[in-house]
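Pasting my_file.txt here (compact mmCIF, C-alpha atoms and all ligand atoms):
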```txt
# COMPACT_ATOMS: atom_id res chain seq x y z
CA MET A 1 0.00 0.00 0.00
CA PHE A 2 0.99 3.59 -0.59
CA TYR A 3 1.12 6.41 1.93
CA LEU A 4 0.72 10.07 1.05
CA GLY A 5 2.50 12.76 3.07
CA LEU A 6 1.54 16.43 3.05
CA MET A 7 3.74 19.09 4.58
CA SER A 8 3.81 22.84 4.59
CA GLY A 9 6.51 24.17 6.85
CA THR A 10 7.11 27.53 8.45
CA SER A 11 8.38 28.99 5.15
CA MET A 12 4.89 28.70 3.56
CA ASP A 13 6.68 28.45 0.22
CA ALA A 14 4.60 25.50 -1.01
CA VAL A 15 2.68 22.42 -0.02
CA ASP A 16 5.03 19.46 -0.36
CA ALA A 17 3.29 16.23 -1.28
CA ALA A 18 4.88 12.78 -1.52
CA LEU A 19 3.37 9.44 -2.48
CA VAL A 20 5.52 6.61 -1.21
CA ARG A 21 5.87 2.98 -0.33
CA PHE A 22 8.12 1.75 2.46
CA GLN A 23 9.79 -1.58 1.83
CA ASN A 24 12.26 -2.92 4.37
CA HIS A 25 14.81 -0.13 4.35
CA HIS A 26 13.97 1.03 0.90
CA LEU A 27 11.95 4.11 0.15
CA ASP A 28 9.93 3.97 -3.07
CA LEU A 29 9.18 7.66 -3.75
CA ARG A 30 6.57 7.24 -6.45
CA GLN A 31 5.60 10.87 -6.88
CA TYR A 32 6.66 14.16 -5.33
CA ARG A 33 5.34 17.62 -6.07
CA GLN A 34 5.36 21.10 -4.66
CA PHE A 35 2.01 22.85 -4.96
CA PRO A 36 1.96 26.65 -4.73
CA PHE A 37 -0.26 28.32 -2.15
CA PRO A 38 -2.93 30.54 -3.69
CA ALA A 39 -1.47 34.04 -3.09
CA ARG A 40 -4.46 35.26 -1.08
CA LEU A 41 -4.33 32.27 1.28
CA ALA A 42 -0.57 32.64 1.73
CA ASP A 43 -1.08 36.32 2.63
CA SER A 44 -3.83 35.44 5.12
CA LEU A 45 -1.61 32.80 6.73
CA LYS A 46 1.41 35.08 6.93
CA ALA A 47 -0.77 37.76 8.52
CA ILE A 48 -1.94 35.49 11.36
CA SER A 49 -0.86 37.00 14.68
CA PRO A 50 -1.98 36.80 18.31
CA SER A 51 -4.66 39.41 17.54
CA THR A 52 -6.21 37.57 14.57
CA PRO A 53 -9.95 36.94 15.13
CA VAL A 54 -10.82 33.29 15.74
CA ILE A 55 -13.25 33.31 12.82
CA GLU A 56 -10.39 34.18 10.46
CA ILE A 57 -8.38 31.23 11.82
CA ALA A 58 -11.39 28.96 11.30
CA ARG A 59 -11.73 30.20 7.71
CA CYS A 60 -8.06 29.44 7.00
CA ASP A 61 -8.45 25.99 8.61
CA HIS A 62 -11.31 25.20 6.22
CA GLU A 63 -9.57 26.63 3.14
CA LEU A 64 -6.32 24.82 3.92
CA GLY A 65 -8.18 21.54 4.42
CA ASP A 66 -9.60 21.90 0.91
CA LEU A 67 -6.20 22.87 -0.51
CA PHE A 68 -4.48 19.86 1.08
CA ALA A 69 -7.24 17.57 -0.24
CA GLU A 70 -6.80 19.02 -3.74
CA CYS A 71 -3.01 18.49 -3.57
CA ALA A 72 -3.52 14.86 -2.51
CA ILE A 73 -6.00 14.24 -5.34
CA GLN A 74 -3.71 15.82 -7.95
CA LEU A 75 -0.75 13.82 -6.69
CA MET A 76 -2.63 10.51 -6.86
CA ASN A 77 -3.84 11.41 -10.36
CA ALA A 78 -0.35 12.34 -11.52
CA ALA A 79 0.99 9.03 -10.22
CA GLY A 80 -1.93 7.06 -11.65
CA ILE A 81 -2.52 5.53 -8.23
CA PRO A 82 -6.19 5.21 -7.20
CA GLN A 83 -7.24 6.19 -3.68
CA SER A 84 -8.04 2.55 -2.94
CA GLU A 85 -4.28 1.84 -3.02
CA VAL A 86 -3.47 4.59 -0.52
CA ALA A 87 -3.61 3.32 3.05
CA ALA A 88 -3.52 6.80 4.58
CA ILE A 89 -2.69 10.44 4.11
CA GLY A 90 -0.44 11.91 6.79
CA CYS A 91 -0.96 15.65 6.96
CA HIS A 92 1.23 17.81 9.14
CA GLY A 93 -0.90 20.93 8.60
CA GLN A 94 0.21 24.53 8.69
CA THR A 95 1.64 25.54 12.04
CA VAL A 96 0.18 28.74 13.44
CA LEU A 97 1.65 28.31 16.90
CA HIS A 98 4.39 26.15 18.35
CA CYS A 99 4.86 26.82 22.06
CA PRO A 100 6.76 24.05 23.85
CA GLN A 101 7.18 26.11 27.05
CA PRO A 102 5.65 24.18 29.99
CA GLU A 103 3.06 26.86 30.74
CA VAL A 104 1.57 26.59 27.21
CA ARG A 105 2.83 23.23 25.79
CA ASN A 106 0.78 23.31 22.66
CA SER A 107 1.36 23.22 18.93
CA LEU A 108 -1.46 24.23 16.62
CA GLN A 109 -1.68 23.26 12.96
CA LEU A 110 -4.40 24.29 10.51
CA GLY A 111 -5.88 22.29 7.62
CA ASP A 112 -9.10 20.57 8.68
CA PRO A 113 -8.32 16.82 8.43
CA SER A 114 -12.02 15.94 8.23
CA ARG A 115 -12.24 17.86 4.95
CA ILE A 116 -9.16 16.05 3.62
CA ALA A 117 -10.59 12.62 4.48
CA TRP A 118 -14.04 13.51 3.15
CA ARG A 119 -12.88 14.95 -0.15
CA THR A 120 -10.18 12.38 -0.94
CA GLY A 121 -12.00 9.34 0.43
CA VAL A 122 -8.71 8.37 2.08
CA ARG A 123 -8.20 7.85 5.81
CA THR A 124 -6.23 10.84 7.08
CA VAL A 125 -3.88 11.10 10.03
CA ALA A 126 -3.19 14.51 11.56
CA ASP A 127 -2.27 16.28 14.83
CA PHE A 128 1.10 14.55 15.09
CA ARG A 129 2.77 16.74 17.67
CA ARG A 130 0.53 16.92 20.67
CA MET A 131 0.69 13.37 22.05
CA ASP A 132 4.42 13.84 22.39
CA MET A 133 3.71 17.11 24.21
CA ALA A 134 1.16 15.40 26.43
CA ALA A 135 3.95 12.98 27.35
CA GLY A 136 6.10 15.93 28.38
CA GLY A 137 7.98 16.37 25.08
CA GLN A 138 8.59 19.32 22.80
CA GLY A 139 6.42 17.82 20.05
CA ALA A 140 9.37 18.50 17.75
CA PRO A 141 11.40 17.72 15.83
CA LEU A 142 9.62 14.63 14.49
CA ALA A 143 11.69 13.96 11.38
CA PRO A 144 14.62 12.35 13.25
CA ALA A 145 12.95 8.92 13.46
CA LEU A 146 12.62 8.89 9.66
CA HIS A 147 16.14 10.27 9.21
CA VAL A 148 17.45 7.31 11.22
CA TRP A 149 15.33 4.83 9.23
CA LEU A 150 16.48 6.31 5.92
CA LEU A 151 20.06 7.33 6.54
CA GLY A 152 21.16 5.56 9.71
CA GLY A 153 23.29 2.45 10.02
CA ALA A 154 26.09 3.76 7.80
CA GLY A 155 28.81 2.92 10.32
CA LEU A 156 29.93 6.54 10.62
CA ASP A 157 28.89 9.54 12.68
CA ARG A 158 26.36 11.30 10.55
CA VAL A 159 24.25 14.42 10.94
CA VAL A 160 21.10 14.98 8.92
CA LEU A 161 20.54 18.72 8.68
CA ASN A 162 17.16 20.05 7.56
CA ILE A 163 17.32 23.72 6.59
CA GLY A 164 13.66 24.72 6.36
CA GLY A 165 12.26 27.90 7.87
CA ILE A 166 13.78 26.58 11.08
CA ALA A 167 16.94 24.46 10.95
CA ASN A 168 17.01 21.14 12.77
CA VAL A 169 19.62 18.44 13.13
CA THR A 170 19.47 14.70 13.72
CA ILE A 171 22.68 13.35 15.17
CA ILE A 172 23.13 9.69 14.28
CA PRO A 173 26.10 8.06 16.02
CA SER A 174 27.91 5.20 14.29
CA GLY A 175 27.48 2.78 17.18
CA SER A 176 24.36 1.74 19.06
CA ASP A 177 26.05 2.61 22.38
CA ARG A 178 25.18 6.29 21.90
CA GLU A 179 21.64 7.59 21.52
CA VAL A 180 20.29 9.48 18.55
CA THR A 181 19.75 13.13 19.42
CA GLY A 182 18.15 15.94 17.53
CA PHE A 183 16.83 19.45 18.06
CA ASP A 184 15.89 22.70 16.42
CA VAL A 185 19.12 24.67 16.04
CA GLY A 186 17.35 27.99 15.38
CA PRO A 187 16.51 30.00 12.27
CA GLY A 188 17.18 28.29 8.94
CA ASN A 189 15.71 30.37 6.12
CA THR A 190 12.95 32.17 7.96
CA LEU A 191 14.81 35.38 8.85
CA LEU A 192 16.41 35.50 5.40
CA ASP A 193 13.00 35.11 3.76
CA GLN A 194 11.33 37.70 5.99
CA TRP A 195 14.14 40.23 5.52
CA ILE A 196 14.31 40.00 1.74
CA ARG A 197 10.51 40.11 1.56
CA GLN A 198 10.48 43.32 3.58
CA HIS A 199 13.33 45.02 1.71
CA ARG A 200 13.10 43.70 -1.85
CA ARG A 201 9.61 42.18 -2.12
CA GLU A 202 11.17 38.84 -3.06
CA VAL A 203 10.09 35.50 -1.61
CA HIS A 204 13.59 34.25 -1.02
CA ASP A 205 17.26 35.06 -1.63
CA ARG A 206 17.86 32.81 -4.60
CA ASP A 207 21.10 30.86 -4.14
CA GLY A 208 22.01 33.35 -1.40
CA THR A 209 23.23 35.84 -4.01
CA TRP A 210 22.06 38.94 -2.16
CA ALA A 211 23.66 37.78 1.09
CA ALA A 212 26.86 36.88 -0.75
CA GLY A 213 27.20 40.49 -1.94
CA GLY A 214 26.85 41.92 1.56
CA ARG A 215 29.20 42.23 4.52
CA CYS A 216 28.39 40.49 7.77
CA ASN A 217 28.07 42.95 10.65
CA GLY A 218 30.10 41.59 13.56
CA GLU A 219 28.32 43.57 16.31
CA VAL A 220 24.84 42.47 15.28
CA LEU A 221 26.00 38.89 14.73
CA ASP A 222 27.60 38.76 18.20
CA SER A 223 24.43 40.07 19.81
CA MET A 224 22.33 37.47 17.99
CA LEU A 225 24.73 34.63 18.81
CA ALA A 226 24.45 35.59 22.49
CA ASP A 227 20.68 34.92 22.42
CA PRO A 228 19.75 32.48 25.21
CA TYR A 229 18.08 30.04 22.78
CA PHE A 230 21.40 28.92 21.27
CA PRO A 231 23.14 27.66 24.44
CA ARG A 232 19.88 26.34 25.93
CA GLN A 233 20.03 22.72 26.99
CA LEU A 234 18.25 19.97 25.09
CA PRO A 235 15.52 19.13 24.41
CA LYS A 236 14.55 22.26 22.53
CA SER A 237 12.42 23.35 19.62
CA THR A 238 11.40 26.71 18.29
CA GLY A 239 9.43 28.57 15.64
CA LYS A 240 8.60 31.87 14.02
CA GLU A 241 6.93 33.10 17.17
CA TYR A 242 10.47 33.43 18.55
CA PHE A 243 12.67 34.04 15.49
CA ASN A 244 11.13 36.90 13.52
CA LEU A 245 11.89 40.45 12.39
CA ASP A 246 11.12 41.84 15.87
CA TRP A 247 13.87 39.57 17.17
CA VAL A 248 16.22 40.92 14.49
CA ALA A 249 15.30 44.53 15.34
CA ARG A 250 15.91 43.93 19.06
CA HIS A 251 19.41 42.62 18.39
CA ALA A 252 20.26 45.42 15.96
CA ALA A 253 19.11 47.92 18.61
CA ARG A 254 21.16 46.20 21.29
CA ALA A 255 24.24 46.29 19.06
CA GLY A 256 23.50 49.98 18.44
CA VAL A 257 24.00 49.76 14.68
CA GLY A 258 21.69 49.64 11.68
CA PRO A 259 23.48 47.79 8.87
CA GLU A 260 22.26 48.46 5.35
CA PRO A 261 19.76 45.82 4.18
CA ARG A 262 22.17 43.74 2.11
CA ASP A 263 24.68 43.60 4.98
CA MET A 264 21.91 42.48 7.31
CA GLN A 265 21.05 39.69 4.86
CA ALA A 266 24.70 38.59 4.96
CA THR A 267 24.59 38.75 8.77
CA LEU A 268 21.45 36.61 8.92
CA ALA A 269 22.95 34.01 6.56
CA GLU A 270 26.06 33.93 8.72
CA LEU A 271 23.90 33.50 11.82
CA THR A 272 22.22 30.42 10.31
CA CYS A 273 25.54 28.87 9.30
CA ARG A 274 27.41 29.68 12.53
CA THR A 275 24.66 28.35 14.79
CA ILE A 276 24.44 25.13 12.75
CA ALA A 277 28.20 24.62 12.78
CA GLY A 278 28.28 25.49 16.51
CA ALA A 279 25.56 22.93 17.26
CA ILE A 280 27.47 20.22 15.38
CA PHE A 281 30.76 21.08 17.10
CA ASN A 282 29.06 21.01 20.50
CA TYR A 283 26.90 17.93 20.23
CA ALA A 284 28.57 15.87 17.50
CA PRO A 285 32.25 16.81 17.24
CA SER A 286 33.17 13.48 15.63
CA THR A 287 30.75 13.95 12.71
CA SER A 288 32.25 12.90 9.41
CA GLU A 289 29.27 13.52 7.14
CA VAL A 290 26.56 16.18 7.16
CA LEU A 291 23.63 15.43 4.84
CA VAL A 292 21.45 18.42 4.06
CA CYS A 293 17.77 18.46 3.16
CA GLY A 294 15.10 21.18 3.06
CA GLY A 295 15.04 24.25 0.83
CA GLY A 296 18.30 25.63 2.27
CA VAL A 297 20.20 22.98 0.31
CA HIS A 298 19.58 25.15 -2.79
CA ASN A 299 21.30 28.13 -1.20
CA GLY A 300 24.79 27.70 -2.67
CA TYR A 301 26.19 30.55 -0.62
CA MET A 302 25.13 29.00 2.69
CA MET A 303 26.25 25.52 1.63
CA GLY A 304 29.68 27.01 0.90
CA ARG A 305 29.82 28.77 4.28
CA LEU A 306 28.80 25.55 6.04
CA ARG A 307 31.58 23.65 4.26
CA ALA A 308 34.10 26.31 5.27
CA LEU A 309 32.94 26.38 8.91
CA LEU A 310 32.65 22.62 9.35
CA GLY A 311 36.13 21.89 8.01
CA LYS A 312 36.65 18.15 8.46
CA ALA A 313 33.10 16.93 7.92
CA THR A 314 31.78 16.65 4.38
CA VAL A 315 28.62 18.62 3.62
CA ASP A 316 26.34 17.24 0.89
CA SER A 317 22.74 17.04 -0.16
CA THR A 318 20.83 13.90 0.91
CA ALA A 319 20.52 13.37 -2.86
CA ARG A 320 24.00 11.90 -2.63
CA HIS A 321 22.34 8.91 -0.99
CA GLY A 322 19.38 8.85 -3.34
CA VAL A 323 17.04 10.84 -1.12
CA ASP A 324 15.36 13.88 -2.71
CA PRO A 325 16.21 16.70 -0.23
CA ASP A 326 12.97 18.58 -0.90
CA ALA A 327 10.77 15.54 -0.28
CA VAL A 328 12.12 14.45 3.11
CA GLU A 329 9.64 16.39 5.25
CA ALA A 330 6.59 15.23 3.26
CA VAL A 331 7.91 11.65 3.36
CA THR A 332 8.21 12.05 7.15
CA PHE A 333 4.46 12.54 7.49
CA ALA A 334 3.66 9.66 5.15
CA TRP A 335 5.90 7.54 7.35
CA LEU A 336 4.33 8.82 10.58
CA ALA A 337 0.87 7.99 9.15
CA LYS A 338 2.10 4.43 8.59
CA CYS A 339 3.46 4.31 12.14
CA ARG A 340 0.02 5.44 13.40
CA LEU A 341 -1.80 2.73 11.46
CA ASP A 342 0.73 0.11 12.55
CA GLY A 343 0.38 1.23 16.17
CA VAL A 344 4.07 2.03 16.39
CA PRO A 345 5.45 5.05 18.29
CA GLY A 346 6.71 7.83 16.01
CA ASN A 347 8.59 10.01 18.47
CA LEU A 348 12.12 9.60 19.76
CA PRO A 349 12.09 10.53 23.46
CA SER A 350 15.86 11.12 23.29
CA VAL A 351 15.05 13.92 20.84
CA THR A 352 11.77 15.43 22.05
CA GLY A 353 12.23 14.85 25.78
CA ALA A 354 8.94 12.96 26.10
CA SER A 355 8.79 10.54 29.02
CA HIS A 356 7.81 7.65 26.70
CA PRO A 357 7.71 6.58 23.07
CA VAL A 358 4.11 7.37 22.08
CA ILE A 359 1.78 6.80 19.16
CA LEU A 360 1.42 10.06 17.28
CA GLY A 361 -1.60 11.46 15.48
CA ALA A 362 -5.34 11.07 15.25
CA ILE A 363 -7.16 9.13 12.53
CA TYR A 364 -9.96 10.70 10.48
CA GLU A 365 -11.99 8.16 8.54
CA PRO A 366 -13.60 9.35 5.28
CA GLY A 367 -16.89 8.97 7.09
CA LYS A 368 -19.30 7.99 4.33
CA VAL A 369 -21.80 5.64 5.95
CA LYS A 370 -24.46 3.92 3.82
CA ARG A 371 -27.95 5.08 4.78
CA GLU A 372 -30.54 2.37 5.53
CA LYS A 373 -33.62 2.67 3.34
N1 LIG B 401 17.07 28.24 -4.91
C1 LIG B 401 17.02 28.63 -3.64
N2 LIG B 401 17.92 29.52 -3.16
C2 LIG B 401 17.89 29.93 -1.88
N3 LIG B 401 16.98 29.51 -0.99
C3 LIG B 401 16.06 28.63 -1.39
C4 LIG B 401 16.03 28.13 -2.72
N4 LIG B 401 15.00 27.24 -2.81
C5 LIG B 401 14.43 27.21 -1.60
N5 LIG B 401 15.04 28.04 -0.73
C6 LIG B 401 14.71 28.32 0.66
O1 LIG B 401 14.06 27.22 1.22
C7 LIG B 401 12.82 27.61 1.81
C8 LIG B 401 11.85 26.48 1.76
O2 LIG B 401 12.41 25.41 2.44
P1 LIG B 401 11.50 24.27 3.05
O3 LIG B 401 12.39 23.13 3.35
O4 LIG B 401 10.33 24.03 2.18
O5 LIG B 401 11.06 24.95 4.41
P2 LIG B 401 9.72 24.77 5.24
O6 LIG B 401 9.74 23.37 5.75
O7 LIG B 401 9.83 25.80 6.30
O8 LIG B 401 8.60 25.02 4.26
C9 LIG B 401 12.41 28.83 1.01
O9 LIG B 401 11.53 29.64 1.75
C10 LIG B 401 13.76 29.49 0.74
O10 LIG B 401 14.15 30.27 1.83
MG MG B 402 8.30 24.29 2.44
```
Could I get this file's structure written as structure tokens?
Amino acid sequence: MFYLGLMSGTSMDAVDAALVRFQNHHLDLRQYRQFPFPARLADSLKAISPSTPVIEIARCDHELGDLFAECAIQLMNAAGIPQSEVAAIGCHGQTVLHCPQPEVRNSLQLGDPSRIAWRTGVRTVADFRRMDMAAGGQGAPLAPALHVWLLGGAGLDRVVLNIGGIANVTIIPSGSDREVTGFDVGPGNTLLDQWIRQHRREVHDRDGTWAAGGRCNGEVLDSMLADPYFPRQLPKSTGKEYFNLDWVARHAARAGVGPEPRDMQATLAELTCRTIAGAIFNYAPSTSEVLVCGGGVHNGYMMGRLRALLGKATVDSTARHGVDPDAVEAVTFAWLAKCRLDGVPGNLPSVTGASHPVILGAIYEPGKVKREK
């Protein structure tokens, strides 16, 4: 049977959709596509803030549910796979809030799963993060279990680095005597995207060209690097509610300088690369291979900086091992849907800090019941 994973991360660049089969340790990625967000919906989602009326959130939840359903239908059609061959859709949903702090401990994703199940006729699994949180975990990151399944067991110390809106690492030791760890390092592309959107009306800094032409501002960088999130102990996870343009403005003010926009872009790119390299030096100094997935892999400037900063370890795309770097997150949620149906825990307590391995997600059946005459 096939599983279909749907993911739209903090970047809101696209809905990633993957149709896969899992066979032993082989991933059969039958179809992968990125579906654009309708511009108006993307604007509504980006505008969501603590003061957004609940009815607006509900409207987005409904509209996203329909969009996700449409993406799933188009993907199945493109692959020529009927819904009867798809065991489940795993939909992450669009995060509007991720607050792992004990006083809130909640993570909210939009994209009504009932609408997805109803419109596709395929059982849908959603709400993957909160059982881990109920068990005392961060609810994130969840990709490490798949990273280990896909890229573990190589007999060398490996790090899988996902550079999405937020950057997260999975540290896979060569031997079974050491546990897998993983955490959100901090901002991946999100600050770069937000800054270039504000200053140049572009959605992202293609290949990092704008950053590459700027000069990193040492004072601002030092202030940002001193932020308490970076040295915080594990487990930890974060989101755009922490790393955003207000955060950037606060650090620029603290440093007492206002770099010109291109120099700030260079500073933000440097921040992403330094914090990633720092995390690897701290938690996985014997790493020999860093495998990169997520949209940041297409930023040649940052890949070059990472190579320079990491020195000994090689830095490559997961494509080097036959894994499409853009598809990994969507595949994660197809895989977690399978775990849910199989009754197998999907979290790694050594990563999320949960007290137990737990079964993640809730199942939404398509719900068509035959009426008695
Ligand atoms: N060619 C490129 N050059 C530079 N950055 C890119 C490129 N392609 C994608 N990106 C970056 O990757 C981001 C999307 O990454 P993705 O892994 O989908 O993140 P998320 O999971 O947050 O949606 C974009 O917003 C952009 O910042
Ligand atoms: Mg994305």
Site check for ligand MG 402 (chain B): residues at most 8 Å away, only C-alpha atoms and all ligand atoms, as a PyMOL selection string:
chain A and resi 7-16+164-165+294-295
Residue nearest ligand LIG 401 (chain B) - candidates A:Ala277, A:Cys339, A:Ile89, A:Leu6, atoms counted: only C-alpha atoms and all ligand atoms:
A:Leu6
Residues of stretch 202-253 of chain A that approach stretch 26-47 of chain A to 12 Å or less, counting all atoms listed in the file: could you list each one with the shortest pair of atoms and its distance in Å to one decimal, rows by chain and increasing residue number, as a tab-separated table?
```
residue	atom	partner	partner_atom	distance
A:Val203	CA	A:Ala42	CA	11.5
A:Lys240	CA	A:Lys46	CA	10.6
A:Glu241	CA	A:Lys46	CA	11.8
A:Asn244	CA	A:Lys46	CA	11.9
```
Write out the residues from the selection above, keeping C-alpha atoms, as a CSV table (one decimal), in the frame of the given file.
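Listed below is the output, again_14.csv:
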```csv
chain,number,residue,atom,x,y,z
A,203,VAL,CA,10.1,35.5,-1.6
A,240,LYS,CA,8.6,31.9,14.0
A,241,GLU,CA,6.9,33.1,17.2
A,244,ASN,CA,11.1,36.9,13.5
```
Atom pair atom CA of A:Val358 + atom CA of A:Gly139, distance 10.9 Å
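If you measure from each of A:Ala284, A:Cys273, A:Ala58, A:Met303 to A:Ser174 using all atoms listed in the file, the closest one turns out to be A:Ala284.
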Of the candidates A:Ser237, A:Gln23, A:Thr124, A:Asn189, which one gets nearest to A:Trp149 if we count all atoms listed in the file?
A:Gln23
Excluding A:Gly5 and residues on its chain fewer than 5 positions from it, collect all residues at most 12 Å away from it, counting all atoms listed in the file, and give them as an MDAnalysis selection string.
chainID A and resid 15:21 29:34 68:69 71:72 75:76 86:93 124:126 327:338
Using all atoms listed in the file, list the residues that have an atom at most 10 Å from (7.0, 39.0, 1.1), coordinates as in the file, as a list in words.
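These residues have at least one counted atom within 10 Å: Ala42, Asp43, Lys46, Asp193, Gln194, Trp195, Ile196, Arg197, Gln198, His199, Arg200, Arg201, Glu202, Val203 and His204 of chain A.
The spacing separating atom CA of A:Leu4 from atom CA of A:Gly346 amounts to 16.3 Å.
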Give me the box for ligand LIG 401 (chain B) as AutoDock Vina command-line options, namely the centre and edge lengths in Å to one decimal of a box along x, y and z that holds every listed atom plus 3 Å on each side.
```
--center_x 13.3 --center_y 26.7 --center_z 0.7 --size_x 15.3 --size_y 13.1 --size_z 17.2
```
From the list A:Ser288, A:Thr95, A:Ser107, A:Gln101, which residue is nearest ligand LIG 401 (chain B) when using all atoms listed in the file?
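That would be A:Thr95, the residue with the smallest distance to ligand LIG 401 (chain B).
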A:Pro349: which residues within 10 Å, counting all atoms listed in the file, same-chain residues fewer than 3 positions away excluded, as number ranges by chain?
A: 132, 135-139, 180-181, 235, 346, 352-358
Can you spit out the residues from that selection as a short mmCIF file (atom, residue, chain, number, x, y, z; two decimals), in the coordinates of the input, using C-alpha atoms?
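Saved file out17.cif follows:
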```cif
data_model
loop_
_atom_site.label_atom_id
_atom_site.label_comp_id
_atom_site.auth_asym_id
_atom_site.auth_seq_id
_atom_site.Cartn_x
_atom_site.Cartn_y
_atom_site.Cartn_z
CA ASP A 132 4.42 13.84 22.39
CA ALA A 135 3.95 12.98 27.35
CA GLY A 136 6.10 15.93 28.38
CA GLY A 137 7.98 16.37 25.08
CA GLN A 138 8.59 19.32 22.80
CA GLY A 139 6.42 17.82 20.05
CA VAL A 180 20.29 9.48 18.55
CA THR A 181 19.75 13.13 19.42
CA PRO A 235 15.52 19.13 24.41
CA GLY A 346 6.71 7.83 16.01
CA THR A 352 11.77 15.43 22.05
CA GLY A 353 12.23 14.85 25.78
CA ALA A 354 8.94 12.96 26.10
CA SER A 355 8.79 10.54 29.02
CA HIS A 356 7.81 7.65 26.70
CA PRO A 357 7.71 6.58 23.07
CA VAL A 358 4.11 7.37 22.08
#
```
Given the choices A:Ser350, A:Thr314, A:Thr190, A:Ser286, which gets closest to A:Leu271 if the distance is worked out from only C-alpha atoms?
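Looking at the shortest contact to A:Leu271, the residue is A:Thr190.
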Close residues, stretch 255-263 of chain A itself excluded, 12 Å, all atoms listed in the file, min 5 positions apart in chain, as a ChimeraX atom specification:
/A:192,194-200,205,208-226,248-250,268-270
Those selected residues, please, written with C-alpha atoms and delivered as a PDB file, keeping the file's coordinate frame.
```pdb
ATOM      1  CA  LEU A 192      16.410  35.500   5.400  1.00  0.00           C
ATOM      2  CA  GLN A 194      11.330  37.700   5.990  1.00  0.00           C
ATOM      3  CA  TRP A 195      14.140  40.230   5.520  1.00  0.00           C
ATOM      4  CA  ILE A 196      14.310  40.000   1.740  1.00  0.00           C
ATOM      5  CA  ARG A 197      10.510  40.110   1.560  1.00  0.00           C
ATOM      6  CA  GLN A 198      10.480  43.320   3.580  1.00  0.00           C
ATOM      7  CA  HIS A 199      13.330  45.020   1.710  1.00  0.00           C
ATOM      8  CA  ARG A 200      13.100  43.700  -1.850  1.00  0.00           C
ATOM      9  CA  ASP A 205      17.260  35.060  -1.630  1.00  0.00           C
ATOM     10  CA  GLY A 208      22.010  33.350  -1.400  1.00  0.00           C
ATOM     11  CA  THR A 209      23.230  35.840  -4.010  1.00  0.00           C
ATOM     12  CA  TRP A 210      22.060  38.940  -2.160  1.00  0.00           C
ATOM     13  CA  ALA A 211      23.660  37.780   1.090  1.00  0.00           C
ATOM     14  CA  ALA A 212      26.860  36.880  -0.750  1.00  0.00           C
ATOM     15  CA  GLY A 213      27.200  40.490  -1.940  1.00  0.00           C
ATOM     16  CA  GLY A 214      26.850  41.920   1.560  1.00  0.00           C
ATOM     17  CA  ARG A 215      29.200  42.230   4.520  1.00  0.00           C
ATOM     18  CA  CYS A 216      28.390  40.490   7.770  1.00  0.00           C
ATOM     19  CA  ASN A 217      28.070  42.950  10.650  1.00  0.00           C
ATOM     20  CA  GLY A 218      30.100  41.590  13.560  1.00  0.00           C
ATOM     21  CA  GLU A 219      28.320  43.570  16.310  1.00  0.00           C
ATOM     22  CA  VAL A 220      24.840  42.470  15.280  1.00  0.00           C
ATOM     23  CA  LEU A 221      26.000  38.890  14.730  1.00  0.00           C
ATOM     24  CA  ASP A 222      27.600  38.760  18.200  1.00  0.00           C
ATOM     25  CA  SER A 223      24.430  40.070  19.810  1.00  0.00           C
ATOM     26  CA  MET A 224      22.330  37.470  17.990  1.00  0.00           C
ATOM     27  CA  LEU A 225      24.730  34.630  18.810  1.00  0.00           C
ATOM     28  CA  ALA A 226      24.450  35.590  22.490  1.00  0.00           C
ATOM     29  CA  VAL A 248      16.220  40.920  14.490  1.00  0.00           C
ATOM     30  CA  ALA A 249      15.300  44.530  15.340  1.00  0.00           C
ATOM     31  CA  ARG A 250      15.910  43.930  19.060  1.00  0.00           C
ATOM     32  CA  LEU A 268      21.450  36.610   8.920  1.00  0.00           C
ATOM     33  CA  ALA A 269      22.950  34.010   6.560  1.00  0.00           C
ATOM     34  CA  GLU A 270      26.060  33.930   8.720  1.00  0.00           C
TER      35      GLU A 270
END
```
Which residue, A:Asn77, A:Asn168, A:Thr120, A:Gln109, has the smallest gap to ligand LIG 401 (chain B) when you use all atoms listed in the file?
A:Asn168
Atomic separation - atom CA of A:Ile163 relative to atom O2 of ligand LIG 401 (chain B), Å
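These atoms are spaced 6.6 Å apart.
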A:Ile166: which residues within 7 Å, counting only C-alpha atoms, same-chain residues fewer than 5 positions away excluded, as a PyMOL selection string?
chain A and resi 184+186-190+239
Give me the residues near A:Gly155 as a VMD selection string, where near means some atom within 9 Å (using all atoms listed in the file) and where sequence neighbours in that chain fewer than 3 positions away do not count.
chain A and resid 152 158 173 to 175
